[in-house]
Every structure is written in C-alpha cells, then in structure tokens.
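Below is one structure, written out as structure tokens; comments come after it.
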Amino acid sequence: VYSPNLNKGFRYNPNENINLGLAGFYKWIGLGLSFKLPIINNDDAEKGKTTQLDIQANLFALKYGTDFWANYYKGFYLSEFGQGLNDDPNKTRYIRPDIRMMNIGANSYYVFNYKKYANRAPYINMEIQKKSAASFLLMGTLSFFKVSGDSSIIPGFLYPEFNNVRPFNSAAHYQIGVSPGFGGTLAKNGFYANMMIFGGPMLQVQDRFWSDGEQHVDLGFGLRVQNRFALGYTNAKYFFALTWFAEVFHTPNPEYQIQGLMNTVRLFGGFGL
C-alpha cells in the first residue's frame, strides 16, 4: 500500500513455502504433485502461518498462448515498519492472520512470428528451438484482485505515518485490457534463454469498503506488467530448465495505491520414455 501524497508505503508478504514436486506429461497433458519441505519451511513462529491455494494452467500453442490463475492467501506479515511491534517479545514481525488476498484471472496472447519463434519450446520442453528467433505479441487480460481484513488494512500504529489515508477494510479491483508484448529466444546446441514481456494500461472498477462501513465504487485505469523467463537445455532424451513468472499490477486512486507482485519460480528436469 503506497501513499503518493506522502511518498511512503508499507508492504505485506505471505509466509510462502518452498515445494518439491513430481510431474509427468503425455503429449500436451500433464499431471503434477508437490509438497512442502519441512526442514526449510519452519518459520511460522516468526512470520505467522499462511494458508494458500495456487492454481495455474497454461496452454502453449503454435500461434497463441493462454493462462489461467487462481490464488488465495490468508495470513500475512508486515515486512516493512513491522520490526518488534508484537506483544510477544519472541516475535519480530507484525503478523496479520486475518488478511486475505484473492487473485483470479485469465489472459491469451497471439504470436505474430509463429513460423520462426517456437512459443512452446522454452516452457514445456517438448520442442527444440534450433535457431534464435523473436516475435511481437499481443495479449488480452481479464482479472479480479481483492484484499480484505477483519479490521483496517493500515495498522493502527501506522495511522500517524499515514494520517491523510482513510482506513479501509477491503479493496476489490476488476480489470480488463489489451497489452502489447515481445518475446525472444537465444538458442544454440540445445541450450536456450527465453524472455517474454507484456505491459499496458487496464480499465478497472474499484470497490472499496472503508473501516467506518461506507462503500465507494469508481472507474479508472490501472497498470499491469507480466514477465516470463526460461533458461535450460533440451535434447531428444532429457531436459532441464529454470523458469520464472512474475506479474506486477498497480491500482491507483487519489488516497492510496495498491501495488502487487506475484512470483512463481520453478526448477525442473525430465526425460522421455
């Protein structure tokens, strides 16, 4: 949450897990299973517990790609302005187990240079991009984002710092837009590096509930930027890859701005039967 008038903000983070998974693919159909690593994910006492549900589906075709996502998180901690602000001296962060975040959306993009740029190769590793190539892209996006809590999203101890921002318990944003993009792959001897980027304005409806019970709905514009990156190696027998998916959205209004960042990083490998 950022106040443009005060030029300051604060950030909540979920206490996310590092997962280990196993997946199998037949043609264009895949099934995967993952579980969290208990040795690494053992910081609930410090950052609180986050309940999460992450669903993501991707379709990579010759001329286009389509994505669907549904994310739900409950339980956040304040990563800035939050040190040493709990009643329990053993805790070092301000924890909000009541804050919930929901992010649901879908997009589809068209690949203009589909004859030379292999859209599928870097992300499902069932094709090989033998020569470097690039393409302009065009994406359409429809999304819904909501953050809510049992009390004000702005903690009480920060009211003096954000005295011109009206406390709110809930903010929902409905967005639709078209974004230009560009994708390129550097390829040589089975090794590849791919990057895709999209960005542009989004028409949005904002639905806010202030902490005093008043509701306010308005129409405006937001900003959404999406990045994808893949680095790996593929041959006829096996492959390995590192992929990164990141999405940044910006939902401004006169009093405050909600800025969000969604990250997904995968390290995986496989072999053909």
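Ligands are numbered from 1 in the order shown, residues from 1 within each chain, and chains are lettered A, B, ... in the order they appear in the structure tokens.
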
Those in stretch 101-273 of chain A with helix (DSSP H, G or I) from DSSP, as a VMD selection string: chain A and resid 121 to 124 156 to 158

Go ahead and save the picked residues with C-alpha atoms, as a JSON list (two decimals), in the first residue's frame.
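And here's result.json as it stands now:
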```
[["chain", "number", "residue", "atom", "x", "y", "z"],
["A", 121, "ALA", "CA", 9.73, -24.84, -26.67],
["A", 122, "PRO", "CA", 11.07, -22.98, -23.57],
["A", 123, "TYR", "CA", 8.21, -23.81, -21.19],
["A", 124, "ILE", "CA", 7.05, -27.38, -21.87],
["A", 156, "GLY", "CA", -3.24, 1.32, 13.96],
["A", 157, "PHE", "CA", 0.34, 2.13, 14.90],
["A", 158, "LEU", "CA", 0.91, 3.48, 11.37]]
```

DSSP strand (DSSP E) residues within stretch 64-207 of chain A, listed as a ChimeraX atom specification: /A:64-78,94-111,133-148,168-188,191-207

A:Ser151 environment, 8 Å, only C-alpha atoms, sequence neighbours closer than 4 positions dropped, as a PyMOL selection string: chain A and resi 168-169+211

Go ahead and write the selection's residues with C-alpha atoms as a compact mmCIF listing (two decimals), in the first residue's frame.
```
# COMPACT_ATOMS: atom_id res chain seq x y z
CA PHE A 168 -10.10 0.66 4.68
CA ASN A 169 -11.01 -2.95 5.40
CA SER A 211 -13.36 1.00 8.05
```

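With distances restricted to only C-alpha atoms, A:Gln226 is the closest residue to A:Ala246 from A:Phe68, A:Leu231, A:Gln226, A:Lys188.
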
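For the pair atom CA of A:Tyr2 and atom CA of A:Leu142, the interatomic distance is 23.9 Å.
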
Contacts of A:His250 within 6 Å, only C-alpha atoms, excl. fewer than 4 positions in-chain, as a PyMOL selection string: chain A and resi 222-223+259

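Using only C-alpha atoms for every distance, the candidate list A:Arg224, A:Ser135, A:Thr243, A:Ala57 yields A:Arg224 as the residue closest to A:Leu261.
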
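By only C-alpha atoms, and with residues fewer than 3 positions from A:Val111 along its chain excluded, the set lying at most 12 Å from it is A:Phe60, A:Ala61, A:Leu62, A:Lys63, A:Tyr64, A:Gly65, A:Thr66, A:Ser108, A:Tyr114, A:Lys115, A:Lys116, A:Tyr117, A:Ala118, A:Asn119, A:Arg120, A:Ala133, A:Ala134, A:Ser135, A:Phe136, A:Leu137, A:Leu138, A:Met139, A:Pro180, A:Gly181, A:Phe182, A:Gly183, A:Gly184, A:Met196.
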
Spatial neighbours of A:Asn71, max dist 6 Å, only C-alpha atoms, sep filter under 2 positions, as a PyMOL selection string: chain A and resi 53-54+102-103

A:Ile153 environment, 9 Å, only C-alpha atoms, sequence neighbours closer than 3 positions dropped, as a VMD selection string: chain A and resid 1 99 147 to 150 167 to 170 211

From A:Glu46, A:Glu255, A:Glu127, A:Asp98, residue lying nearest A:Tyr192 [only C-alpha atoms]: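 That would be A:Glu127, the residue with the smallest distance to A:Tyr192.
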